[in-house]
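Just below is one structure, and these are the notes that go with it.
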Amino acid sequence: PSPPPPSHRPKRKEEEKTIGGVGAGVGGPEAMIVPVAFGLVFVLGLVGNGLVLAVLGRAKPGRARSVTNVLVLNLSLADLSFLVLCVPFQATIYTLPEWVFGALLCKWVHYFVTVTMLVSVFTLGAMAVDRYLAVVRARRSQGVRNTRNAALGVAAIWGLSLLLAVPVPWHQALLTGVQQAPNRTFCWEQWADRTHKQVYKATVLVVGYLLPLALICCCYAKVLFHLHRKIKNISKKSRRSKKKTAKTVMLVVAAFLLSWLPHHIITMWVAFGNFPITDASFVFRIIAHCMVYGNSCINPIIYAFLSENFRKACQQVFTILTTNKCPNDDCTDASVKPTEEYK
């Protein structure tokens, strides 16, 4: 999501004294709070997604990666790309008096924000479909759920995301000389026709949020219903596993919904209504920013760290990194089996 342009932030007395000066954009408490919050998200996301890539990327010789692991890898790759290529640039908007990275990065950063958002959302949807096929249609889907089809699905996800985000760089520009803005230059959207902007924003909302959310809820509802129906005829150990799956599913849906909801509310409000220019609205936009970025940290926890197999593999990776020696002299054990609690 694009941060609020300086002209959309309420001016403070100290800013009014330095409009156009070096201190114009750094007078508020956000100059301290936002970098700390973004920095924390950046570090946690980097470590979490880095571990996912390190563990799941270590495929055991002679064994193909599972469909689940391919999708989790793609999700972590998208989150890691978002954190590295977008968050550092976005954080400077609240701390520097102007956009210092030029017009090219102004377009590229916002384009990649949209691309990685769509890739993450579409991957979550693909994972929901994969869980539905693995649990509800286990026998019929054996010929469909393979690494080759998963790789084709990942390629389709990236291609569709790259295509849907094309309008973003076309309408992102480096603005200068805005008298009512405390900053000298800033990166912001410029649409010649507001109707075109509304159509595009509504399309992104439907394709990149509402439809995936409906798909996720539908698939996981069927998974939970199927597990509940079979739970009477299974062992206690399996029953605990199924209950753990139910909790994980609820966390997945809740995290997806809550992390992106404020961003989409603001986007629709700005596009179709009259978004208020107040201190409260400015704080709301910062919170929306942090929640979206925080989702990149939550995903590894939900999809990987709740897996006992993943935790064991993490311990092996740490052992290898700290001692430069494989546990039991076998490095091939650091690969992760398909997530057991979904089965």
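In the structure tokens, chains take letters A, B, ... by order of appearance, with residues numbered from 1 within each chain and ligands from 1 in the order shown.
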
Write out as a list in words which residues come within 9 Å of Ala128 of chain A when counting only C-alpha atoms, dropping same-chain ones fewer than 4 positions away.
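In the requested format, the answer is Thr123, Leu124, Tyr132, Leu133, Leu215, Ile216, Cys217, Cys218, Cys219 and Tyr220 of chain A.
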
Print the selection's residues with C-alpha atoms to a file, as a PDB file, in the first residue's frame.
ATOM      1  CA  THR A 123      -0.410 -18.663  -3.145  1.00  0.00           C
ATOM      2  CA  LEU A 124      -2.591 -18.749  -0.028  1.00  0.00           C
ATOM      3  CA  TYR A 132      -8.843 -29.509   0.090  1.00  0.00           C
ATOM      4  CA  LEU A 133      -7.578 -31.968  -2.508  1.00  0.00           C
ATOM      5  CA  LEU A 215     -11.903 -19.564  -1.916  1.00  0.00           C
ATOM      6  CA  ILE A 216      -9.852 -19.996   1.272  1.00  0.00           C
ATOM      7  CA  CYS A 217     -12.933 -20.024   3.505  1.00  0.00           C
ATOM      8  CA  CYS A 218     -14.780 -22.441   1.232  1.00  0.00           C
ATOM      9  CA  CYS A 219     -11.879 -24.905   0.979  1.00  0.00           C
ATOM     10  CA  TYR A 220     -11.032 -24.860   4.671  1.00  0.00           C
TER      11      TYR A 220
END

So that I can check the secondary structure, give me every residue of segment 126-192 of chain A assigned strand (DSSP E or B) by backbone DSSP, as JSON, numbers by chain.
{"A": [172, 173, 174, 175, 176, 185, 186, 187, 188, 189]}

Export of prior selection with N, CA, C and O atoms as a short mmCIF file (atom, residue, chain, number, x, y, z; two decimals), in the first residue's frame:
data_model
loop_
_atom_site.label_atom_id
_atom_site.label_comp_id
_atom_site.auth_asym_id
_atom_site.auth_seq_id
_atom_site.Cartn_x
_atom_site.Cartn_y
_atom_site.Cartn_z
N GLN A 172 2.29 5.93 -11.26
CA GLN A 172 3.09 6.35 -10.11
C GLN A 172 4.09 7.38 -10.59
O GLN A 172 4.81 7.14 -11.55
N ALA A 173 4.15 8.52 -9.93
CA ALA A 173 5.02 9.61 -10.40
C ALA A 173 5.71 10.29 -9.23
O ALA A 173 5.24 10.24 -8.08
N LEU A 174 6.81 10.96 -9.54
CA LEU A 174 7.56 11.73 -8.56
C LEU A 174 7.08 13.17 -8.64
O LEU A 174 7.29 13.86 -9.64
N LEU A 175 6.40 13.63 -7.60
CA LEU A 175 5.81 14.97 -7.58
C LEU A 175 6.72 15.95 -6.86
O LEU A 175 7.32 15.62 -5.84
N THR A 176 6.78 17.16 -7.38
CA THR A 176 7.59 18.22 -6.76
C THR A 176 6.80 19.52 -6.78
O THR A 176 5.88 19.71 -7.58
N THR A 185 9.72 16.68 -2.39
CA THR A 185 9.32 15.72 -3.43
C THR A 185 8.75 14.48 -2.76
O THR A 185 9.19 14.10 -1.67
N PHE A 186 7.79 13.86 -3.41
CA PHE A 186 7.26 12.62 -2.88
C PHE A 186 6.69 11.79 -4.01
O PHE A 186 6.35 12.29 -5.09
N CYS A 187 6.62 10.49 -3.76
CA CYS A 187 6.17 9.52 -4.75
C CYS A 187 4.69 9.23 -4.50
O CYS A 187 4.31 8.78 -3.43
N TRP A 188 3.86 9.48 -5.53
CA TRP A 188 2.43 9.34 -5.34
C TRP A 188 1.73 8.98 -6.64
O TRP A 188 2.31 9.09 -7.72
N GLU A 189 0.46 8.55 -6.52
CA GLU A 189 -0.32 8.15 -7.69
C GLU A 189 -0.87 9.37 -8.44
O GLU A 189 -1.29 10.35 -7.82
#

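Those residues that approach Ala134 of chain A to within 10 Å, counting only C-alpha atoms, are Val67, Thr68, Ala128, Val129, Arg139, Arg140, Ser141, Gln142, Arg145, Val223, Tyr342 and Lys343 of chain A; same-chain residues fewer than 5 positions away are not listed.
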
Would you mind listing what lies within 12 Å of Thr267 of chain A as a VMD selection string, with only C-alpha atoms counted and same-chain residues fewer than 2 positions away left out?
chain A and resid 1 to 4 189 197 to 198 200 to 205 260 to 265 269 to 275 285 288 to 289

For Ile298 of chain A, which residue among A:Val72, A:Ala103, A:Leu44, A:Ala78 is the nearest when counting only C-alpha atoms?
A:Leu44

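When only C-alpha atoms are used to measure the gap to Pro300 of chain A, the shortest distance among A:Val52, A:Ala165, A:Thr195, A:Leu251 belongs to A:Val52.
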